[in-house]
file target_10.pdb (PDB, C-alpha atoms, pLDDT in the B column)
ATOM      1  CA  MET A   1      17.676  12.852  -6.903  1.00 45.00           C
ATOM      2  CA  GLN A   2      16.011  11.482 -10.030  1.00 48.00           C
ATOM      3  CA  LYS A   3      16.402   7.870  -8.879  1.00 55.00           C
ATOM      4  CA  SER A   4      13.909   8.314  -6.034  1.00 55.00           C
ATOM      5  CA  TYR A   5      11.131   9.448  -8.332  1.00 55.00           C
ATOM      6  CA  LYS A   6      11.616   6.400 -10.548  1.00 71.00           C
ATOM      7  CA  VAL A   7      11.430   4.125  -7.503  1.00 74.00           C
ATOM      8  CA  VAL A   8       8.273   5.788  -6.185  1.00 82.00           C
ATOM      9  CA  GLU A   9       6.721   5.549  -9.681  1.00 85.00           C
ATOM     10  CA  ILE A  10       6.809   1.725  -9.348  1.00 86.00           C
ATOM     11  CA  LEU A  11       4.248   1.848  -6.535  1.00 92.00           C
ATOM     12  CA  PRO A  12       0.500   1.557  -7.178  1.00 93.00           C
ATOM     13  CA  LYS A  13      -1.115   5.007  -7.511  1.00 92.00           C
ATOM     14  CA  GLN A  14      -4.560   3.918  -6.317  1.00 94.00           C
ATOM     15  CA  GLY A  15      -5.633   2.323  -3.089  1.00 96.00           C
ATOM     16  CA  LEU A  16      -7.244  -1.098  -3.131  1.00 97.00           C
ATOM     17  CA  GLU A  17     -10.784  -1.447  -1.801  1.00 97.00           C
ATOM     18  CA  PRO A  18     -10.867  -3.743   1.256  1.00 98.00           C
ATOM     19  CA  ARG A  19     -13.462  -6.087  -0.233  1.00 97.00           C
ATOM     20  CA  GLN A  20     -11.386  -6.641  -3.389  1.00 97.00           C
ATOM     21  CA  PHE A  21      -8.186  -6.999  -1.334  1.00 97.00           C
ATOM     22  CA  LEU A  22      -9.835  -9.626   0.874  1.00 97.00           C
ATOM     23  CA  ARG A  23     -11.072 -11.534  -2.164  1.00 96.00           C
ATOM     24  CA  TYR A  24      -7.449 -11.738  -3.379  1.00 95.00           C
ATOM     25  CA  CYS A  25      -6.353 -12.817   0.122  1.00 95.00           C
ATOM     26  CA  PHE A  26      -8.757 -15.705   0.256  1.00 95.00           C
ATOM     27  CA  GLY A  27      -8.245 -16.681  -3.389  1.00 94.00           C
ATOM     28  CA  ILE A  28     -11.847 -16.042  -4.381  1.00 96.00           C
ATOM     29  CA  ALA A  29     -11.430 -12.971  -6.619  1.00 94.00           C
ATOM     30  CA  GLU A  30     -11.927 -15.025  -9.795  1.00 95.00           C
ATOM     31  CA  LEU A  31     -15.143 -16.734  -8.699  1.00 96.00           C
ATOM     32  CA  SER A  32     -18.496 -16.112 -10.369  1.00 96.00           C
ATOM     33  CA  PRO A  33     -20.956 -13.774  -8.587  1.00 95.00           C
ATOM     34  CA  PRO A  34     -23.043 -16.675  -7.163  1.00 96.00           C
ATOM     35  CA  GLU A  35     -19.870 -18.405  -5.878  1.00 96.00           C
ATOM     36  CA  LEU A  36     -18.614 -15.121  -4.393  1.00 96.00           C
ATOM     37  CA  LEU A  37     -21.932 -14.651  -2.628  1.00 95.00           C
ATOM     38  CA  GLU A  38     -21.665 -18.123  -1.134  1.00 96.00           C
ATOM     39  CA  GLU A  39     -18.097 -17.474   0.133  1.00 96.00           C
ATOM     40  CA  GLU A  40     -18.809 -13.972   1.438  1.00 97.00           C
ATOM     41  CA  THR A  41     -21.973 -15.012   3.306  1.00 95.00           C
ATOM     42  CA  ASP A  42     -20.182 -17.798   5.182  1.00 94.00           C
ATOM     43  CA  SER A  43     -20.677 -17.165   8.911  1.00 92.00           C
ATOM     44  CA  GLN A  44     -16.918 -16.970   9.621  1.00 95.00           C
ATOM     45  CA  TYR A  45     -15.900 -14.909   6.577  1.00 97.00           C
ATOM     46  CA  ARG A  46     -16.304 -11.396   8.048  1.00 96.00           C
ATOM     47  CA  LYS A  47     -14.525 -12.480  11.227  1.00 96.00           C
ATOM     48  CA  LYS A  48     -11.572 -13.740   9.124  1.00 96.00           C
ATOM     49  CA  CYS A  49     -11.638 -10.489   7.106  1.00 97.00           C
ATOM     50  CA  ILE A  50     -11.367  -8.421  10.289  1.00 97.00           C
ATOM     51  CA  THR A  51      -8.486 -10.641  11.479  1.00 96.00           C
ATOM     52  CA  VAL A  52      -6.622 -10.071   8.195  1.00 97.00           C
ATOM     53  CA  LEU A  53      -7.121  -6.289   8.199  1.00 97.00           C
ATOM     54  CA  CYS A  54      -6.033  -6.024  11.864  1.00 96.00           C
ATOM     55  CA  ALA A  55      -2.894  -8.071  11.240  1.00 96.00           C
ATOM     56  CA  VAL A  56      -1.697  -6.407   8.043  1.00 96.00           C
ATOM     57  CA  LEU A  57      -2.494  -2.837   9.107  1.00 96.00           C
ATOM     58  CA  GLY A  58      -1.465  -3.223  12.740  1.00 94.00           C
ATOM     59  CA  VAL A  59      -4.793  -1.948  14.104  1.00 95.00           C
ATOM     60  CA  GLN A  60      -7.211  -3.244  16.739  1.00 96.00           C
ATOM     61  CA  ARG A  61     -10.494  -5.082  16.015  1.00 96.00           C
ATOM     62  CA  PRO A  62     -12.712  -2.200  17.280  1.00 97.00           C
ATOM     63  CA  THR A  63     -10.999   0.112  14.762  1.00 97.00           C
ATOM     64  CA  VAL A  64     -11.790  -2.201  11.856  1.00 97.00           C
ATOM     65  CA  ARG A  65     -15.369  -2.696  13.079  1.00 96.00           C
ATOM     66  CA  LYS A  66     -15.822   1.104  13.102  1.00 97.00           C
ATOM     67  CA  TRP A  67     -15.007   1.113   9.377  1.00 97.00           C
ATOM     68  CA  GLY A  68     -18.327  -0.567   8.634  1.00 96.00           C
ATOM     69  CA  SER A  69     -20.628  -3.439   9.400  1.00 94.00           C
ATOM     70  CA  ASP A  70     -20.417  -5.017   5.945  1.00 95.00           C
ATOM     71  CA  LEU A  71     -17.569  -6.354   3.803  1.00 96.00           C
ATOM     72  CA  ASN A  72     -16.927  -3.022   2.066  1.00 97.00           C
ATOM     73  CA  PHE A  73     -15.485  -1.391   5.212  1.00 97.00           C
ATOM     74  CA  ASP A  74     -16.452   1.989   3.701  1.00 97.00           C
ATOM     75  CA  GLY A  75     -15.027   3.958   6.626  1.00 97.00           C
ATOM     76  CA  ILE A  76     -11.457   2.754   6.050  1.00 97.00           C
ATOM     77  CA  PRO A  77      -9.031   5.690   5.636  1.00 96.00           C
ATOM     78  CA  ASN A  78      -7.566   6.161   2.165  1.00 95.00           C
ATOM     79  CA  TYR A  79      -3.999   5.690   3.453  1.00 95.00           C
ATOM     80  CA  CYS A  80      -5.012   2.190   4.599  1.00 97.00           C
ATOM     81  CA  LYS A  81      -6.299   1.410   1.093  1.00 97.00           C
ATOM     82  CA  ILE A  82      -2.845   2.453  -0.163  1.00 97.00           C
ATOM     83  CA  SER A  83      -1.258  -0.039   2.252  1.00 97.00           C
ATOM     84  CA  LEU A  84      -3.574  -2.751   0.897  1.00 97.00           C
ATOM     85  CA  ALA A  85      -2.482  -1.918  -2.666  1.00 97.00           C
ATOM     86  CA  TYR A  86       1.202  -2.161  -1.635  1.00 97.00           C
ATOM     87  CA  ILE A  87       0.592  -5.487   0.152  1.00 96.00           C
ATOM     88  CA  HIS A  88      -1.098  -6.823  -2.980  1.00 95.00           C
ATOM     89  CA  ALA A  89       1.702  -5.535  -5.248  1.00 94.00           C
ATOM     90  CA  ALA A  90       4.325  -7.137  -2.983  1.00 93.00           C
ATOM     91  CA  GLU A  91       2.385 -10.428  -3.126  1.00 92.00           C
ATOM     92  CA  ILE A  92       2.632 -10.830   0.661  1.00 91.00           C
ATOM     93  CA  ILE A  93      -0.746 -12.532   0.651  1.00 87.00           C
ATOM     94  CA  PRO A  94      -1.779 -15.312   0.047  1.00 83.00           C
ATOM     95  CA  ASN A  95       1.699 -16.595   1.098  1.00 86.00           C
ATOM     96  CA  GLN A  96       1.271 -15.201   4.625  1.00 91.00           C
ATOM     97  CA  LEU A  97      -2.452 -15.913   5.010  1.00 93.00           C
ATOM     98  CA  LYS A  98      -2.005 -18.896   7.323  1.00 92.00           C
ATOM     99  CA  SER A  99       0.331 -17.009   9.696  1.00 93.00           C
ATOM    100  CA  ILE A 100      -2.084 -14.049   9.669  1.00 94.00           C
ATOM    101  CA  LEU A 101      -5.104 -16.181  10.592  1.00 93.00           C
ATOM    102  CA  THR A 102      -3.164 -17.965  13.367  1.00 93.00           C
ATOM    103  CA  GLY A 103      -1.910 -14.660  14.808  1.00 91.00           C
ATOM    104  CA  GLU A 104       1.768 -15.304  14.008  1.00 93.00           C
ATOM    105  CA  TYR A 105       2.158 -12.568  11.394  1.00 94.00           C
ATOM    106  CA  ASN A 106       4.082  -9.398  12.168  1.00 92.00           C
ATOM    107  CA  ALA A 107       3.485  -6.486   9.813  1.00 92.00           C
ATOM    108  CA  PRO A 108       6.754  -5.001   8.543  1.00 94.00           C
ATOM    109  CA  GLU A 109       7.723  -1.721  10.154  1.00 95.00           C
ATOM    110  CA  VAL A 110      10.119   0.758   8.584  1.00 96.00           C
ATOM    111  CA  ASP A 111      10.794   4.167  10.096  1.00 96.00           C
ATOM    112  CA  ALA A 112      10.872   7.282   7.918  1.00 97.00           C
ATOM    113  CA  GLN A 113      14.648   7.726   8.076  1.00 96.00           C
ATOM    114  CA  THR A 114      15.396   4.145   6.994  1.00 96.00           C
ATOM    115  CA  PHE A 115      12.879   4.438   4.157  1.00 96.00           C
ATOM    116  CA  LEU A 116      14.220   7.799   2.955  1.00 95.00           C
ATOM    117  CA  GLU A 117      17.846   6.619   3.109  1.00 94.00           C
ATOM    118  CA  LYS A 118      16.942   3.576   1.035  1.00 93.00           C
ATOM    119  CA  ILE A 119      14.945   5.579  -1.529  1.00 92.00           C
ATOM    120  CA  LEU A 120      16.989   8.790  -1.736  1.00 93.00           C
ATOM    121  CA  LEU A 121      20.552   7.835  -0.789  1.00 93.00           C
ATOM    122  CA  GLU A 122      21.155   4.146  -1.482  1.00 90.00           C
ATOM    123  CA  GLY A 123      23.748   3.581  -4.198  1.00 90.00           C
ATOM    124  CA  LEU A 124      25.277   7.057  -3.906  1.00 93.00           C
ATOM    125  CA  THR A 125      28.927   7.683  -3.055  1.00 94.00           C
ATOM    126  CA  GLU A 126      29.769   9.396   0.254  1.00 94.00           C
ATOM    127  CA  GLN A 127      30.419  12.609  -1.666  1.00 95.00           C
ATOM    128  CA  GLN A 128      27.036  12.392  -3.426  1.00 94.00           C
ATOM    129  CA  ILE A 129      25.274  11.666  -0.130  1.00 93.00           C
ATOM    130  CA  LEU A 130      26.864  14.743   1.462  1.00 94.00           C
ATOM    131  CA  GLN A 131      25.852  16.890  -1.510  1.00 93.00           C
ATOM    132  CA  THR A 132      22.316  15.500  -1.447  1.00 92.00           C
ATOM    133  CA  VAL A 133      21.622  15.907   2.288  1.00 92.00           C
ATOM    134  CA  SER A 134      23.217  19.351   2.496  1.00 92.00           C
ATOM    135  CA  HIS A 135      21.149  20.617  -0.447  1.00 90.00           C
ATOM    136  CA  ALA A 136      18.626  23.292   0.547  1.00 88.00           C
ATOM    137  CA  ASN A 137      15.734  21.287  -0.896  1.00 92.00           C
ATOM    138  CA  PHE A 138      16.561  18.000   0.835  1.00 94.00           C
ATOM    139  CA  ARG A 139      13.940  18.304   3.608  1.00 94.00           C
ATOM    140  CA  ALA A 140      11.311  19.287   1.033  1.00 94.00           C
ATOM    141  CA  THR A 141      12.298  16.232  -1.024  1.00 94.00           C
ATOM    142  CA  CYS A 142      11.918  14.010   2.065  1.00 95.00           C
ATOM    143  CA  VAL A 143       8.482  15.467   2.843  1.00 96.00           C
ATOM    144  CA  LYS A 144       7.388  15.141  -0.797  1.00 94.00           C
ATOM    145  CA  THR A 145       8.564  11.519  -0.974  1.00 94.00           C
ATOM    146  CA  LEU A 146       6.653  10.590   2.203  1.00 96.00           C
ATOM    147  CA  THR A 147       3.470  12.390   1.111  1.00 95.00           C
ATOM    148  CA  GLN A 148       3.577  10.630  -2.279  1.00 94.00           C
ATOM    149  CA  VAL A 149       4.187   7.176  -0.834  1.00 96.00           C
ATOM    150  CA  LEU A 150       1.766   7.468   2.104  1.00 96.00           C
ATOM    151  CA  HIS A 151      -0.893   9.497   0.239  1.00 95.00           C
ATOM    152  CA  ILE A 152      -1.361  11.946   3.098  1.00 94.00           C
ATOM    153  CA  GLY A 153      -1.107  15.717   3.403  1.00 94.00           C
ATOM    154  CA  THR A 154       2.148  17.665   3.488  1.00 95.00           C
ATOM    155  CA  LYS A 155       1.234  19.364   6.784  1.00 96.00           C
ATOM    156  CA  SER A 156       0.824  15.985   8.541  1.00 95.00           C
ATOM    157  CA  VAL A 157       4.299  14.900   7.439  1.00 96.00           C
ATOM    158  CA  GLN A 158       5.861  18.240   8.431  1.00 95.00           C
ATOM    159  CA  ASP A 159       4.290  17.914  11.898  1.00 96.00           C
ATOM    160  CA  TRP A 160       6.140  14.626  12.500  1.00 96.00           C
ATOM    161  CA  GLY A 161       9.454  16.375  13.153  1.00 93.00           C
ATOM    162  CA  GLN A 162      12.108  18.683  11.800  1.00 89.00           C
ATOM    163  CA  ASP A 163      14.757  16.143  10.829  1.00 89.00           C
ATOM    164  CA  MET A 164      14.895  13.132   8.536  1.00 90.00           C
ATOM    165  CA  SER A 165      13.757  10.759  11.307  1.00 94.00           C
ATOM    166  CA  PHE A 166      10.214  12.239  11.413  1.00 96.00           C
ATOM    167  CA  HIS A 167      10.097  10.639  14.877  1.00 95.00           C
ATOM    168  CA  LYS A 168       6.414  11.513  15.490  1.00 96.00           C
ATOM    169  CA  MET A 169       5.206   9.465  12.518  1.00 96.00           C
ATOM    170  CA  PRO A 170       2.344   7.147  13.627  1.00 95.00           C
ATOM    171  CA  LYS A 171       3.088   3.423  13.631  1.00 94.00           C
ATOM    172  CA  ILE A 172       0.429   2.650  10.996  1.00 95.00           C
ATOM    173  CA  HIS A 173       2.465   4.645   8.454  1.00 96.00           C
ATOM    174  CA  LYS A 174       5.620   2.700   9.365  1.00 97.00           C
ATOM    175  CA  HIS A 175       3.751  -0.429   8.252  1.00 96.00           C
ATOM    176  CA  THR A 176       2.832   1.295   4.976  1.00 97.00           C
ATOM    177  CA  LEU A 177       6.499   2.176   4.371  1.00 97.00           C
ATOM    178  CA  GLY A 178       7.420  -1.458   5.058  1.00 96.00           C
ATOM    179  CA  TYR A 179       4.890  -2.642   2.473  1.00 96.00           C
ATOM    180  CA  ALA A 180       6.039   0.047   0.029  1.00 95.00           C
ATOM    181  CA  LEU A 181       9.626  -1.251   0.244  1.00 94.00           C
ATOM    182  CA  ALA A 182       8.387  -4.823  -0.245  1.00 94.00           C
ATOM    183  CA  ALA A 183       6.405  -3.754  -3.330  1.00 93.00           C
ATOM    184  CA  ILE A 184       9.385  -1.827  -4.719  1.00 91.00           C
ATOM    185  CA  SER A 185      11.668  -4.806  -4.100  1.00 88.00           C
ATOM    186  CA  LYS A 186       9.203  -7.162  -5.834  1.00 86.00           C
ATOM    187  CA  SER A 187       8.848  -4.807  -8.838  1.00 79.00           C
ATOM    188  CA  SER A 188      12.619  -4.305  -9.072  1.00 74.00           C
ATOM    189  CA  LYS A 189      13.138  -8.077  -9.266  1.00 66.00           C
ATOM    190  CA  VAL A 190      10.582  -8.297 -12.073  1.00 54.00           C
ATOM    191  CA  TRP A 191      12.350  -5.452 -13.909  1.00 48.00           C
ATOM    192  CA  ASP A 192      15.744  -7.077 -13.401  1.00 51.00           C
ATOM    193  CA  LYS A 193      14.447 -10.326 -14.918  1.00 50.00           C
ATOM    194  CA  GLN A 194      12.963  -8.496 -17.906  1.00 45.00           C
ATOM    195  CA  ALA A 195      16.204  -6.596 -18.492  1.00 43.00           C
ATOM    196  CA  ALA A 196      18.321  -9.775 -18.378  1.00 41.00           C
TER     197      ALA A 196
END

call {"tool": "encode", "arguments": {"input": "target_10.pdb", "output": "structure tokens"}}
result
Amino acid sequence: MQKSYKVVEILPKQGLEPRQFLRYCFGIAELSPPELLEEETDSQYRKKCITVLCAVLGVQRPTVRKWGSDLNFDGIPNYCKISLAYIHAAEIIPNQLKSILTGEYNAPEVDAQTFLEKILLEGLTEQQILQTVSHANFRATCVKTLTQVLHIGTKSVQDWGQDMSFHKMPKIHKHTLGYALAAISKSSKVWDKQAA
């Protein structure tokens, strides 16, 4: 079971503020304050920001607009900021920016069971898998892993179902799990290179 905690430790612990995330997306994060002001006051900038947030989080435009009328999007839920941090860590943007702005991007979607199998069971022998899943604490470990990765409450996760599929998990969290796997994969490759 120790492997899973190491894998989850790779992930960013803090969410990324939308405004900072969007600056990375559009390649303007390193600009001086006057240059940033010029970019961020462009008439099409907020519209493009909303398009990016809708595409990567899998939400509708009215939802993003409800998060605020300025570029800070202060009303964004914390779990969405976590997704933004994972997207940034996985370096999905700016590579995908063009497909996002043209509406061709599909946010990754990973269900809870696939994610948990990858994190908790991958690389184990059949015997080890049987021992792991039949252990009395296995469900608690699954719930704990999901709450840590998604940064949401234990009760919410428990309400998604009694088995490892957590079939009632909202789609937005499936996107977060997809980005988490991408970030883990990216970090693992960096580690592998450093170890070589």

call {"tool": "atom_distance", "arguments": {"input": "target_10.pdb", "atom1": "CA of Thr125 in chain A", "atom2": "CA of Ser188 in chain A"}}
result
21.1 Å

call {"tool": "resolve_selection", "arguments": {"input": "target_10.pdb", "expression": "the PyMOL selection byres ((chain A and resi 133) around 12)", "output": "mmCIF file with C-alpha atoms, in the frame of the given file"}}
result
data_model
loop_
_atom_site.group_PDB
_atom_site.id
_atom_site.type_symbol
_atom_site.label_atom_id
_atom_site.label_comp_id
_atom_site.auth_asym_id
_atom_site.auth_seq_id
_atom_site.Cartn_x
_atom_site.Cartn_y
_atom_site.Cartn_z
ATOM 1 C CA MET A 1 17.676 12.852 -6.903
ATOM 2 C CA LEU A 116 14.220 7.799 2.955
ATOM 3 C CA GLU A 117 17.846 6.619 3.109
ATOM 4 C CA LEU A 120 16.989 8.790 -1.736
ATOM 5 C CA LEU A 121 20.552 7.835 -0.789
ATOM 6 C CA LEU A 124 25.277 7.057 -3.906
ATOM 7 C CA GLU A 126 29.769 9.396 0.254
ATOM 8 C CA GLN A 127 30.419 12.609 -1.666
ATOM 9 C CA GLN A 128 27.036 12.392 -3.426
ATOM 10 C CA ILE A 129 25.274 11.666 -0.130
ATOM 11 C CA LEU A 130 26.864 14.743 1.462
ATOM 12 C CA GLN A 131 25.852 16.890 -1.510
ATOM 13 C CA THR A 132 22.316 15.500 -1.447
ATOM 14 C CA SER A 134 23.217 19.351 2.496
ATOM 15 C CA HIS A 135 21.149 20.617 -0.447
ATOM 16 C CA ALA A 136 18.626 23.292 0.547
ATOM 17 C CA ASN A 137 15.734 21.287 -0.896
ATOM 18 C CA PHE A 138 16.561 18.000 0.835
ATOM 19 C CA ARG A 139 13.940 18.304 3.608
ATOM 20 C CA ALA A 140 11.311 19.287 1.033
ATOM 21 C CA THR A 141 12.298 16.232 -1.024
ATOM 22 C CA CYS A 142 11.918 14.010 2.065
ATOM 23 C CA ASP A 163 14.757 16.143 10.829
ATOM 24 C CA MET A 164 14.895 13.132 8.536
#

call {"tool": "residues_around", "arguments": {"input": "target_10.pdb", "residues": "range 173-187 of chain A", "least_positions_apart": "2", "cutoff": "8 Å", "atoms": "only C-alpha atoms", "output": "PDB file with C-alpha atoms, in the frame of the given file"}}
result
ATOM      1  CA  VAL A   7      11.430   4.125  -7.503  1.00 74.00           C
ATOM      2  CA  VAL A   8       8.273   5.788  -6.185  1.00 82.00           C
ATOM      3  CA  ILE A  10       6.809   1.725  -9.348  1.00 86.00           C
ATOM      4  CA  LEU A  11       4.248   1.848  -6.535  1.00 92.00           C
ATOM      5  CA  LEU A  57      -2.494  -2.837   9.107  1.00 96.00           C
ATOM      6  CA  GLY A  58      -1.465  -3.223  12.740  1.00 94.00           C
ATOM      7  CA  CYS A  80      -5.012   2.190   4.599  1.00 97.00           C
ATOM      8  CA  ILE A  82      -2.845   2.453  -0.163  1.00 97.00           C
ATOM      9  CA  SER A  83      -1.258  -0.039   2.252  1.00 97.00           C
ATOM     10  CA  TYR A  86       1.202  -2.161  -1.635  1.00 97.00           C
ATOM     11  CA  ILE A  87       0.592  -5.487   0.152  1.00 96.00           C
ATOM     12  CA  ALA A  89       1.702  -5.535  -5.248  1.00 94.00           C
ATOM     13  CA  ALA A  90       4.325  -7.137  -2.983  1.00 93.00           C
ATOM     14  CA  GLU A  91       2.385 -10.428  -3.126  1.00 92.00           C
ATOM     15  CA  ALA A 107       3.485  -6.486   9.813  1.00 92.00           C
ATOM     16  CA  PRO A 108       6.754  -5.001   8.543  1.00 94.00           C
ATOM     17  CA  GLU A 109       7.723  -1.721  10.154  1.00 95.00           C
ATOM     18  CA  VAL A 110      10.119   0.758   8.584  1.00 96.00           C
ATOM     19  CA  ASP A 111      10.794   4.167  10.096  1.00 96.00           C
ATOM     20  CA  ALA A 112      10.872   7.282   7.918  1.00 97.00           C
ATOM     21  CA  PHE A 115      12.879   4.438   4.157  1.00 96.00           C
ATOM     22  CA  VAL A 149       4.187   7.176  -0.834  1.00 96.00           C
ATOM     23  CA  LEU A 150       1.766   7.468   2.104  1.00 96.00           C
ATOM     24  CA  MET A 169       5.206   9.465  12.518  1.00 96.00           C
ATOM     25  CA  PRO A 170       2.344   7.147  13.627  1.00 95.00           C
ATOM     26  CA  LYS A 171       3.088   3.423  13.631  1.00 94.00           C
ATOM     27  CA  LYS A 189      13.138  -8.077  -9.266  1.00 66.00           C
ATOM     28  CA  VAL A 190      10.582  -8.297 -12.073  1.00 54.00           C
ATOM     29  CA  TRP A 191      12.350  -5.452 -13.909  1.00 48.00           C
TER      30      TRP A 191
END

call {"tool": "atom_distance", "arguments": {"input": "target_10.pdb", "atom1": "CA of Val143 in chain A", "atom2": "CA of Val157 in chain A"}}
result
6.2 Å

call {"tool": "resolve_selection", "arguments": {"input": "target_10.pdb", "expression": "the PyMOL selection byres ((chain A and resi 96) around 12)", "output": "mmCIF file with C-alpha atoms, in the coordinates of the input"}}
result
data_model
loop_
_atom_site.group_PDB
_atom_site.id
_atom_site.type_symbol
_atom_site.label_atom_id
_atom_site.label_comp_id
_atom_site.auth_asym_id
_atom_site.auth_seq_id
_atom_site.Cartn_x
_atom_site.Cartn_y
_atom_site.Cartn_z
ATOM 1 C CA CYS A 25 -6.353 -12.817 0.122
ATOM 2 C CA PHE A 26 -8.757 -15.705 0.256
ATOM 3 C CA VAL A 52 -6.622 -10.071 8.195
ATOM 4 C CA ALA A 55 -2.894 -8.071 11.240
ATOM 5 C CA VAL A 56 -1.697 -6.407 8.043
ATOM 6 C CA ILE A 87 0.592 -5.487 0.152
ATOM 7 C CA HIS A 88 -1.098 -6.823 -2.980
ATOM 8 C CA ALA A 90 4.325 -7.137 -2.983
ATOM 9 C CA GLU A 91 2.385 -10.428 -3.126
ATOM 10 C CA ILE A 92 2.632 -10.830 0.661
ATOM 11 C CA ILE A 93 -0.746 -12.532 0.651
ATOM 12 C CA PRO A 94 -1.779 -15.312 0.047
ATOM 13 C CA ASN A 95 1.699 -16.595 1.098
ATOM 14 C CA LEU A 97 -2.452 -15.913 5.010
ATOM 15 C CA LYS A 98 -2.005 -18.896 7.323
ATOM 16 C CA SER A 99 0.331 -17.009 9.696
ATOM 17 C CA ILE A 100 -2.084 -14.049 9.669
ATOM 18 C CA LEU A 101 -5.104 -16.181 10.592
ATOM 19 C CA THR A 102 -3.164 -17.965 13.367
ATOM 20 C CA GLY A 103 -1.910 -14.660 14.808
ATOM 21 C CA GLU A 104 1.768 -15.304 14.008
ATOM 22 C CA TYR A 105 2.158 -12.568 11.394
ATOM 23 C CA ASN A 106 4.082 -9.398 12.168
ATOM 24 C CA ALA A 107 3.485 -6.486 9.813
#

call {"tool": "closest_residue", "arguments": {"input": "target_10.pdb", "among": "A:Leu36, A:Ile50, A:Gln148, A:Leu31", "to": "Pro62 in chain A", "atoms": "all atoms listed in the file"}}
result
A:Ile50

call {"tool": "closest_residue", "arguments": {"input": "target_10.pdb", "among": "A:Glu9, A:Glu35, A:Asp159, A:Glu17", "to": "Phe73 in chain A", "atoms": "all atoms listed in the file"}}
result
A:Glu17

call {"tool": "resolve_selection", "arguments": {"input": "target_10.pdb", "expression": "the PyMOL selection byres ((chain A and resi 18) around 8)", "output": "mmCIF file with C-alpha atoms, in the frame of the given file"}}
result
data_model
loop_
_atom_site.group_PDB
_atom_site.id
_atom_site.type_symbol
_atom_site.label_atom_id
_atom_site.label_comp_id
_atom_site.auth_asym_id
_atom_site.auth_seq_id
_atom_site.Cartn_x
_atom_site.Cartn_y
_atom_site.Cartn_z
ATOM 1 C CA LEU A 16 -7.244 -1.098 -3.131
ATOM 2 C CA GLU A 17 -10.784 -1.447 -1.801
ATOM 3 C CA ARG A 19 -13.462 -6.087 -0.233
ATOM 4 C CA GLN A 20 -11.386 -6.641 -3.389
ATOM 5 C CA PHE A 21 -8.186 -6.999 -1.334
ATOM 6 C CA LEU A 22 -9.835 -9.626 0.874
ATOM 7 C CA LEU A 71 -17.569 -6.354 3.803
ATOM 8 C CA ASN A 72 -16.927 -3.022 2.066
ATOM 9 C CA PHE A 73 -15.485 -1.391 5.212
ATOM 10 C CA LYS A 81 -6.299 1.410 1.093
ATOM 11 C CA LEU A 84 -3.574 -2.751 0.897
#

call {"tool": "axis_aligned_box", "arguments": {"input": "target_10.pdb", "around": "range 63-81 of chain A", "padding_each_side": "4 Å", "output": "lines of an AutoDock Vina configuration file"}}
result
center_x = -12.3
center_y = -0.1
center_z = 7.9
size_x = 24.6
size_y = 20.5
size_z = 21.7

call {"tool": "closest_residue", "arguments": {"input": "target_10.pdb", "among": "A:Thr63, A:His151, A:Glu122, A:Leu53", "to": "Pro12 in chain A", "atoms": "all atoms listed in the file"}}
result
A:His151

call {"tool": "atom_distance", "arguments": {"input": "target_10.pdb", "atom1": "CA of His167 in chain A", "atom2": "CA of Gln14 in chain A"}}
result
26.6 Å

call {"tool": "closest_residue", "arguments": {"input": "target_10.pdb", "among": "A:Ile76, A:Gln113, A:Trp160, A:Pro34", "to": "Cys54 in chain A", "atoms": "all atoms listed in the file"}}
result
A:Ile76

call {"tool": "closest_residue", "arguments": {"input": "target_10.pdb", "among": "A:Glu38, A:Thr51, A:Ile119, A:Gly27", "to": "Leu146 in chain A", "atoms": "all atoms listed in the file"}}
result
A:Ile119
